[in-house]
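Heads up: the structure comes next, in C-alpha cells.
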Amino acid sequence: MKTDHKVKDLALAAWGRKEIDIAEKEMPGLMAIRQKYAAAKPLRGVRITGSLHMTIQTAVLIETLTALGAKVRWASCNIFSTQDHAAAAIAKAGIPVFAWKGETLAEYWWCTERALDFSETETKTGADTKAGPARRNEVKPGPQMIVDDGGDATIMIHKGLEAEKNPALLDKDYSHEGEDFRELIKILKKEREKNPGRWGKVANDVVGVSEETTTGVHRLYQLEKAGKLLFPAINVNDSVTKSKFDNIYGCRHSVVDGLNRAMDVMLGGKVALVCGFGDVGKGCAQALRGQGCRVKITEVDPICALQAAMEGYEVTTVEDTLGLIDIYVTATGNCEVITLAHLKKMKDQAVVANIGHFDNEIQVEKLNNAKGVKKINIKPQVDKYIFPG
C-alpha cells in the first residue's frame, strides 16, 4: 500500500521518535489501552480522520489508534501548532499525515481535505460502510470516525454537503467573511468540480465525531439546534480531565513557553491583559502572574468576571487599557476581540498574542491590509508592525 503524506522534513523523524518515546511515559492511560487491546484490535479496519494539533503527544494517540487496528489519516487543526519532528515521525511510521508549522490557510484546508480522503487506502481492498461493503474503486471514501479539534473537519463535510444540495452557495460573495472561510469555500468549489457527489457519501459513512475544544463544541450545538447536525457527536471538551488539564494546566504551561520562544523578553514587571477568564484564560493568568506580571482581565461573562475579581485580578475593558499594557493574550474563542482600532492605540513594543482559536480573535487580515502599516517578519509566526506617525 502506498502511504501518502506531506510534512516539513522527513529527516526530522529520528528526533521526533526520541521525543515520542519520552511522551509515552507521560501518557500511561494510552499505553495501558495499547497493552490491553492491541492483540484484539477492536478498531480493526475502522477509518479515523484526525484534525488535531500534530504534536508529540498527538503522535502517541495516533499510534495507539493504529495499534488497535484503525486506519488513520491526520491533519493539524491549527496552522501554527504542528511540531514538525512529530509529523515526520508519524509519516516515517507509514501513517498518512498532512501537517507542517506555518501553513497558509489555503494549505490548511488542503491538508484537512487530504485527511478526509481514504481512497488511497481503500481502492485496493474496499471498505465496509454503514450501508454495507464498499465497491472496489469507490470514489474518495471518507472516515467512519473523526477526532476533531475546533470542528473544521466536521464543518468541511457539512459545508460540502450543503454545497452539493445548493451549488449556488459556492458562487456567493464571501468578501465580508474571514480569509479562513473564504479558503474553505475555494477548496469545496474545486472539489465539487472533480467529485460532485463526494460529501453525501462521506457524511453517510461517519458514525460519529469527538470534539476537543470550546469553539468546536459551540459549532456542534449550533448545528444541532438548527437541525443540521449530520451525525452523532461527543463533547470531549467538557470532560473534567480535558477542560481542566488541557485548558487550565496545559495553557498555564504553554503560554509562557510560547511568549518566550516568540520574543524572549522579560515577563516580570510587565503589565499583561488576558482577554477571557474561562479555563484557558485562568491558566494564562496564573502563569503570567507567576512570572511577575501585573495581570488584568477582560471578561463578558458575569460569573467568570466575578471569579477573576475574587482571585485578585483587575477586571477591565480592552479600551481602558490601551497605551498601558505590555502583553495582550486573547483567550476567548470569539472573533475580533482585538481590533485594528485597538492596535493603533497600543503602546510602543506591545506584544499581542492569541491562545484561542486560530488568529480570528485579532483582526490580523485588516492589520496586514492597513494603509501605511509596515510589516517586518522577525521569525516564523512572529511579525513586527510599525504604524505611521
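Ordered as shown in the C-alpha cells, chains take letters A, B, and onward, while each chain numbers its residues from 1 and ligands are numbered from 1 in the order shown.
The residue set within 12 Å of Ser239 in chain A, counting only C-alpha atoms and dropping same-chain residues fewer than 5 places from it, reads Ser210, Glu211, Glu212, Thr213, Thr214, Val217, Ile234, Lys244, Phe245, Asp246 and Asn247 of chain A.
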With only C-alpha atoms counted and 9 Å as the cut-off, give the residues of range 165-277 of chain A in contact with range 314-338 of chain A, each with its shortest interatomic distance in Å and the pair that gives it, as JSON lines.
```
{"residue": "A:Thr214", "atom": "CA", "partner": "A:Gly333", "partner_atom": "CA", "distance": 7.4}
{"residue": "A:Thr215", "atom": "CA", "partner": "A:Gly333", "partner_atom": "CA", "distance": 6.0}
{"residue": "A:Val255", "atom": "CA", "partner": "A:Val329", "partner_atom": "CA", "distance": 8.8}
{"residue": "A:Leu267", "atom": "CA", "partner": "A:Ile327", "partner_atom": "CA", "distance": 8.7}
{"residue": "A:Lys270", "atom": "CA", "partner": "A:Asp326", "partner_atom": "CA", "distance": 5.9}
{"residue": "A:Val271", "atom": "CA", "partner": "A:Ile325", "partner_atom": "CA", "distance": 5.3}
{"residue": "A:Ala272", "atom": "CA", "partner": "A:Ile327", "partner_atom": "CA", "distance": 4.6}
{"residue": "A:Leu273", "atom": "CA", "partner": "A:Tyr328", "partner_atom": "CA", "distance": 4.9}
{"residue": "A:Val274", "atom": "CA", "partner": "A:Val329", "partner_atom": "CA", "distance": 4.9}
{"residue": "A:Cys275", "atom": "CA", "partner": "A:Thr330", "partner_atom": "CA", "distance": 4.7}
{"residue": "A:Gly276", "atom": "CA", "partner": "A:Thr332", "partner_atom": "CA", "distance": 4.8}
{"residue": "A:Phe277", "atom": "CA", "partner": "A:Ala331", "partner_atom": "CA", "distance": 7.6}
```
Any chance you can output those residues with all heavy atoms as a PDB file, in the first residue's frame?
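Written output follows (out33.pdb):
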```pdb
ATOM      1  N   THR A 214     -13.701  24.187  22.954  1.00  0.00           N
ATOM      2  CA  THR A 214     -14.889  25.005  23.190  1.00  0.00           C
ATOM      3  C   THR A 214     -15.497  25.509  21.884  1.00  0.00           C
ATOM      4  O   THR A 214     -16.714  25.428  21.678  1.00  0.00           O
ATOM      5  CB  THR A 214     -14.532  26.208  24.091  1.00  0.00           C
ATOM      6  OG1 THR A 214     -13.862  25.729  25.257  1.00  0.00           O
ATOM      7  CG2 THR A 214     -15.767  26.981  24.481  1.00  0.00           C
ATOM      8  N   THR A 215     -14.670  26.038  20.991  1.00  0.00           N
ATOM      9  CA  THR A 215     -15.171  26.570  19.721  1.00  0.00           C
ATOM     10  C   THR A 215     -15.887  25.496  18.925  1.00  0.00           C
ATOM     11  O   THR A 215     -16.980  25.717  18.387  1.00  0.00           O
ATOM     12  CB  THR A 215     -14.009  27.148  18.896  1.00  0.00           C
ATOM     13  OG1 THR A 215     -13.373  28.184  19.642  1.00  0.00           O
ATOM     14  CG2 THR A 215     -14.511  27.711  17.574  1.00  0.00           C
ATOM     15  N   VAL A 255       1.627  28.985  27.626  1.00  0.00           N
ATOM     16  CA  VAL A 255       1.576  30.402  27.258  1.00  0.00           C
ATOM     17  C   VAL A 255       2.929  31.076  27.478  1.00  0.00           C
ATOM     18  O   VAL A 255       3.391  31.857  26.634  1.00  0.00           O
ATOM     19  CB  VAL A 255       0.448  31.139  28.017  1.00  0.00           C
ATOM     20  CG1 VAL A 255       0.708  31.215  29.512  1.00  0.00           C
ATOM     21  CG2 VAL A 255       0.256  32.538  27.443  1.00  0.00           C
ATOM     22  N   LEU A 267       9.351  38.825  31.309  1.00  0.00           N
ATOM     23  CA  LEU A 267       7.938  38.990  31.615  1.00  0.00           C
ATOM     24  C   LEU A 267       7.717  39.679  32.960  1.00  0.00           C
ATOM     25  O   LEU A 267       6.730  40.399  33.140  1.00  0.00           O
ATOM     26  CB  LEU A 267       7.233  37.627  31.606  1.00  0.00           C
ATOM     27  CG  LEU A 267       7.267  36.870  30.266  1.00  0.00           C
ATOM     28  CD1 LEU A 267       6.569  35.525  30.405  1.00  0.00           C
ATOM     29  CD2 LEU A 267       6.630  37.690  29.162  1.00  0.00           C
ATOM     30  N   LYS A 270       6.158  43.359  33.780  1.00  0.00           N
ATOM     31  CA  LYS A 270       5.286  43.812  32.693  1.00  0.00           C
ATOM     32  C   LYS A 270       3.828  43.812  33.159  1.00  0.00           C
ATOM     33  O   LYS A 270       3.450  43.141  34.118  1.00  0.00           O
ATOM     34  CB  LYS A 270       5.430  42.885  31.478  1.00  0.00           C
ATOM     35  CG  LYS A 270       6.816  42.831  30.853  1.00  0.00           C
ATOM     36  CD  LYS A 270       7.144  44.097  30.116  1.00  0.00           C
ATOM     37  CE  LYS A 270       8.325  43.933  29.163  1.00  0.00           C
ATOM     38  NZ  LYS A 270       9.561  43.435  29.764  1.00  0.00           N
ATOM     39  N   VAL A 271       3.013  44.581  32.443  1.00  0.00           N
ATOM     40  CA  VAL A 271       1.568  44.578  32.676  1.00  0.00           C
ATOM     41  C   VAL A 271       0.926  43.771  31.543  1.00  0.00           C
ATOM     42  O   VAL A 271       1.144  44.064  30.367  1.00  0.00           O
ATOM     43  CB  VAL A 271       0.990  46.001  32.706  1.00  0.00           C
ATOM     44  CG1 VAL A 271      -0.500  45.963  33.056  1.00  0.00           C
ATOM     45  CG2 VAL A 271       1.741  46.872  33.708  1.00  0.00           C
ATOM     46  N   ALA A 272       0.170  42.749  31.913  1.00  0.00           N
ATOM     47  CA  ALA A 272      -0.425  41.856  30.921  1.00  0.00           C
ATOM     48  C   ALA A 272      -1.937  41.922  30.991  1.00  0.00           C
ATOM     49  O   ALA A 272      -2.522  42.055  32.083  1.00  0.00           O
ATOM     50  CB  ALA A 272       0.043  40.422  31.153  1.00  0.00           C
ATOM     51  N   LEU A 273      -2.577  41.831  29.842  1.00  0.00           N
ATOM     52  CA  LEU A 273      -4.036  41.751  29.770  1.00  0.00           C
ATOM     53  C   LEU A 273      -4.410  40.407  29.165  1.00  0.00           C
ATOM     54  O   LEU A 273      -3.993  40.079  28.049  1.00  0.00           O
ATOM     55  CB  LEU A 273      -4.612  42.870  28.904  1.00  0.00           C
ATOM     56  CG  LEU A 273      -6.150  42.864  28.808  1.00  0.00           C
ATOM     57  CD1 LEU A 273      -6.762  43.328  30.130  1.00  0.00           C
ATOM     58  CD2 LEU A 273      -6.639  43.742  27.663  1.00  0.00           C
ATOM     59  N   VAL A 274      -5.162  39.613  29.898  1.00  0.00           N
ATOM     60  CA  VAL A 274      -5.691  38.350  29.390  1.00  0.00           C
ATOM     61  C   VAL A 274      -7.153  38.578  29.039  1.00  0.00           C
ATOM     62  O   VAL A 274      -7.968  38.926  29.906  1.00  0.00           O
ATOM     63  CB  VAL A 274      -5.557  37.217  30.426  1.00  0.00           C
ATOM     64  CG1 VAL A 274      -6.193  35.932  29.900  1.00  0.00           C
ATOM     65  CG2 VAL A 274      -4.091  36.977  30.765  1.00  0.00           C
ATOM     66  N   CYS A 275      -7.484  38.424  27.778  1.00  0.00           N
ATOM     67  CA  CYS A 275      -8.855  38.614  27.313  1.00  0.00           C
ATOM     68  C   CYS A 275      -9.602  37.296  27.431  1.00  0.00           C
ATOM     69  O   CYS A 275      -9.368  36.366  26.656  1.00  0.00           O
ATOM     70  CB  CYS A 275      -8.865  39.105  25.867  1.00  0.00           C
ATOM     71  SG  CYS A 275      -8.037  40.691  25.628  1.00  0.00           S
ATOM     72  N   GLY A 276     -10.479  37.215  28.408  1.00  0.00           N
ATOM     73  CA  GLY A 276     -11.232  36.000  28.665  1.00  0.00           C
ATOM     74  C   GLY A 276     -10.739  35.310  29.921  1.00  0.00           C
ATOM     75  O   GLY A 276      -9.525  35.106  30.093  1.00  0.00           O
ATOM     76  N   PHE A 277     -11.669  34.938  30.809  1.00  0.00           N
ATOM     77  CA  PHE A 277     -11.295  34.254  32.044  1.00  0.00           C
ATOM     78  C   PHE A 277     -12.057  32.937  32.167  1.00  0.00           C
ATOM     79  O   PHE A 277     -12.537  32.564  33.218  1.00  0.00           O
ATOM     80  CB  PHE A 277     -11.550  35.152  33.266  1.00  0.00           C
ATOM     81  CG  PHE A 277     -10.751  34.759  34.483  1.00  0.00           C
ATOM     82  CD1 PHE A 277      -9.369  34.923  34.525  1.00  0.00           C
ATOM     83  CD2 PHE A 277     -11.382  34.246  35.603  1.00  0.00           C
ATOM     84  CE1 PHE A 277      -8.636  34.571  35.646  1.00  0.00           C
ATOM     85  CE2 PHE A 277     -10.665  33.896  36.745  1.00  0.00           C
ATOM     86  CZ  PHE A 277      -9.292  34.050  36.767  1.00  0.00           C
TER      87      PHE A 277
END
```
Can you check which parts of range 55-92 of chain A lie within 9 Å of range 36-47 of chain A? Per residue, the shortest pair of atoms and distance in Å to one decimal, counting only C-alpha atoms, sorted by chain and number, as JSON lines.
```
{"residue": "A:Thr64", "atom": "CA", "partner": "A:Ala38", "partner_atom": "CA", "distance": 8.4}
{"residue": "A:Leu65", "atom": "CA", "partner": "A:Leu43", "partner_atom": "CA", "distance": 7.5}
{"residue": "A:Thr66", "atom": "CA", "partner": "A:Leu43", "partner_atom": "CA", "distance": 8.2}
{"residue": "A:Ala67", "atom": "CA", "partner": "A:Ala38", "partner_atom": "CA", "distance": 5.5}
{"residue": "A:Leu68", "atom": "CA", "partner": "A:Lys41", "partner_atom": "CA", "distance": 4.3}
{"residue": "A:Gly69", "atom": "CA", "partner": "A:Arg44", "partner_atom": "CA", "distance": 3.9}
{"residue": "A:Ala70", "atom": "CA", "partner": "A:Val46", "partner_atom": "CA", "distance": 4.9}
{"residue": "A:Lys71", "atom": "CA", "partner": "A:Arg47", "partner_atom": "CA", "distance": 4.8}
{"residue": "A:Val72", "atom": "CA", "partner": "A:Arg47", "partner_atom": "CA", "distance": 6.1}
{"residue": "A:Arg73", "atom": "CA", "partner": "A:Arg47", "partner_atom": "CA", "distance": 8.0}
```
Would you export the selected residues with C-alpha atoms as an mmCIF file, in the first residue's frame, please?
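As written to disk, out.cif reads:
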```cif
data_model
loop_
_atom_site.group_PDB
_atom_site.id
_atom_site.type_symbol
_atom_site.label_atom_id
_atom_site.label_comp_id
_atom_site.auth_asym_id
_atom_site.auth_seq_id
_atom_site.Cartn_x
_atom_site.Cartn_y
_atom_site.Cartn_z
ATOM 1 C CA THR A 64 -2.440 3.981 19.867
ATOM 2 C CA LEU A 65 -5.294 4.108 17.351
ATOM 3 C CA THR A 66 -3.223 2.250 14.759
ATOM 4 C CA ALA A 67 -2.101 -0.301 17.362
ATOM 5 C CA LEU A 68 -5.790 -1.019 17.954
ATOM 6 C CA GLY A 69 -6.247 -1.667 14.234
ATOM 7 C CA ALA A 70 -7.556 1.630 12.902
ATOM 8 C CA LYS A 71 -6.711 3.138 9.542
ATOM 9 C CA VAL A 72 -5.722 6.699 10.415
ATOM 10 C CA ARG A 73 -5.243 9.864 8.383
#
```
*DSSP strand (DSSP E) residues within range 201-383 of chain A, as number ranges by chain*: A: 208-211, 233-235, 271-275, 294-298, 314-316, 327-330, 351-354, 374-379, 382-383
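Between Gly356 in chain A and the residues A:Gln286, A:Thr58, A:Asn78, A:Asn166, the shortest atom-to-atom distance, using only C-alpha atoms, involves A:Asn78.
Straight-line separation from CA of Asp148 in chain A to CA of Glu113 in chain A: 13.3 Å.
If only C-alpha atoms are the atoms counted, then among A:Ala341, A:Cys284, A:Val373, A:Cys77 the closest residue to Tyr249 in chain A is A:Cys284.
The environment of Met31 in chain A within 12 Å, counting only C-alpha atoms and disregarding residues fewer than 2 places along the same chain, consists of Ile20, Asp21, Ala23, Glu24, Lys25, Glu26, Met27, Pro28, Gly29, Ile33, Arg34, Gln35, Lys36, Tyr37, Ala38, Gln57, Val60, Leu61, Ile62, Glu63, Thr64, Leu65, Ala67 and Leu68 of chain A.
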Just N, CA and C atoms for this one: save the residues we selected as a short mmCIF file (atom, residue, chain, number, x, y, z; two decimals), in the first residue's frame.
```
data_model
loop_
_atom_site.label_atom_id
_atom_site.label_comp_id
_atom_site.auth_asym_id
_atom_site.auth_seq_id
_atom_site.Cartn_x
_atom_site.Cartn_y
_atom_site.Cartn_z
N ILE A 20 8.81 11.04 21.17
CA ILE A 20 7.62 10.20 21.34
C ILE A 20 7.88 9.14 22.41
N ASP A 21 9.07 8.57 22.41
CA ASP A 21 9.42 7.57 23.44
C ASP A 21 9.31 8.16 24.84
N ALA A 23 7.37 10.81 25.64
CA ALA A 23 5.96 11.15 25.87
C ALA A 23 5.15 9.92 26.27
N GLU A 24 5.52 8.76 25.76
CA GLU A 24 4.78 7.55 26.12
C GLU A 24 4.80 7.30 27.63
N LYS A 25 5.89 7.67 28.27
CA LYS A 25 5.98 7.52 29.73
C LYS A 25 5.09 8.52 30.45
N GLU A 26 4.79 9.65 29.79
CA GLU A 26 3.94 10.68 30.38
C GLU A 26 2.46 10.43 30.11
N MET A 27 2.15 9.42 29.31
CA MET A 27 0.76 9.15 28.91
C MET A 27 0.41 7.69 29.20
N PRO A 28 0.42 7.31 30.48
CA PRO A 28 0.21 5.90 30.83
C PRO A 28 -1.17 5.37 30.47
N GLY A 29 -2.17 6.26 30.40
CA GLY A 29 -3.51 5.81 30.04
C GLY A 29 -3.55 5.21 28.65
N ILE A 33 -4.04 1.22 27.39
CA ILE A 33 -5.03 0.80 26.39
C ILE A 33 -4.35 -0.06 25.32
N ARG A 34 -3.18 0.37 24.88
CA ARG A 34 -2.44 -0.44 23.90
C ARG A 34 -2.18 -1.84 24.44
N GLN A 35 -1.66 -1.90 25.66
CA GLN A 35 -1.30 -3.17 26.25
C GLN A 35 -2.51 -4.09 26.38
N LYS A 36 -3.66 -3.52 26.72
CA LYS A 36 -4.85 -4.31 26.97
C LYS A 36 -5.54 -4.75 25.68
N TYR A 37 -5.54 -3.87 24.66
CA TYR A 37 -6.38 -4.14 23.50
C TYR A 37 -5.65 -4.36 22.18
N ALA A 38 -4.33 -4.20 22.16
CA ALA A 38 -3.61 -4.30 20.88
C ALA A 38 -3.79 -5.67 20.23
N GLN A 57 2.62 14.60 21.64
CA GLN A 57 1.60 13.90 22.41
C GLN A 57 0.51 13.32 21.50
N VAL A 60 1.42 9.99 20.07
CA VAL A 60 1.15 8.84 20.92
C VAL A 60 -0.29 8.38 20.74
N LEU A 61 -1.23 9.33 20.63
CA LEU A 61 -2.63 8.98 20.36
C LEU A 61 -2.77 8.29 19.01
N ILE A 62 -2.15 8.86 17.98
CA ILE A 62 -2.25 8.28 16.63
C ILE A 62 -1.75 6.84 16.62
N GLU A 63 -0.60 6.62 17.24
CA GLU A 63 -0.03 5.27 17.21
C GLU A 63 -0.82 4.31 18.10
N THR A 64 -1.53 4.83 19.08
CA THR A 64 -2.44 3.98 19.87
C THR A 64 -3.61 3.53 19.00
N LEU A 65 -4.18 4.46 18.24
CA LEU A 65 -5.29 4.11 17.35
C LEU A 65 -4.87 3.07 16.32
N ALA A 67 -2.38 0.95 16.65
CA ALA A 67 -2.10 -0.30 17.36
C ALA A 67 -3.38 -1.09 17.63
N LEU A 68 -4.50 -0.37 17.74
CA LEU A 68 -5.79 -1.02 17.95
C LEU A 68 -6.48 -1.40 16.64
#
```
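Here the question is which of A:Met54, A:Ile297, A:Met266, A:Val236 gets nearest to Ala309 in chain A using only C-alpha atoms, and that residue is A:Ile297.
Rounded to one decimal, CA of Pro141 in chain A and CA of Val202 in chain A lie 6.3 Å from each other.
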Counting only C-alpha atoms, which residues of range 151-240 of chain A fall within 9 Å of range 90-108 of chain A, and what is the closest atom pair for each with its distance in Å at one decimal, ordered by chain and rising number, as a tab-separated table?
```
residue	atom	partner	partner_atom	distance
A:Glu179	CA	A:Leu105	CA	7.5
A:Asp180	CA	A:Leu105	CA	6.0
A:Glu183	CA	A:Ala106	CA	5.5
A:Leu184	CA	A:Ala106	CA	7.6
A:Lys186	CA	A:Ala106	CA	8.4
A:Ile187	CA	A:Ala106	CA	7.9
```
_Residues within 9 Å of Asn368 in chain A, only C-alpha atoms, excluding chain neighbours under 6 positions, as JSON, numbers by chain_ = {"A": [374, 375, 385]}
Would you put the residues from that selection into a file with N, CA and C atoms, as a compact mmCIF listing (two decimals), in the first residue's frame?
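Saved to result10.txt:
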```txt
# COMPACT_ATOMS: atom_id res chain seq x y z
N LYS A 374 3.70 49.12 8.23
CA LYS A 374 4.84 48.34 7.73
C LYS A 374 4.97 47.05 8.53
N LYS A 375 5.08 45.94 7.84
CA LYS A 375 5.20 44.63 8.48
C LYS A 375 6.62 44.11 8.31
N TYR A 385 4.86 45.13 13.58
CA TYR A 385 4.10 46.09 12.77
C TYR A 385 4.43 47.50 13.24
```
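Each of A:Gly216, A:Gly197, A:Gln349, A:Asp4 was checked against Ser119 in chain A using only C-alpha atoms; the smallest atom-to-atom distance is that of A:Asp4.
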**Asked** Any idea what's packed within 7 Å of Leu340 in chain A, counting only C-alpha atoms, ignoring anything in its chain fewer than 5 positions away? Could you give it as number ranges by chain?
**Response** A: 363, 366-367
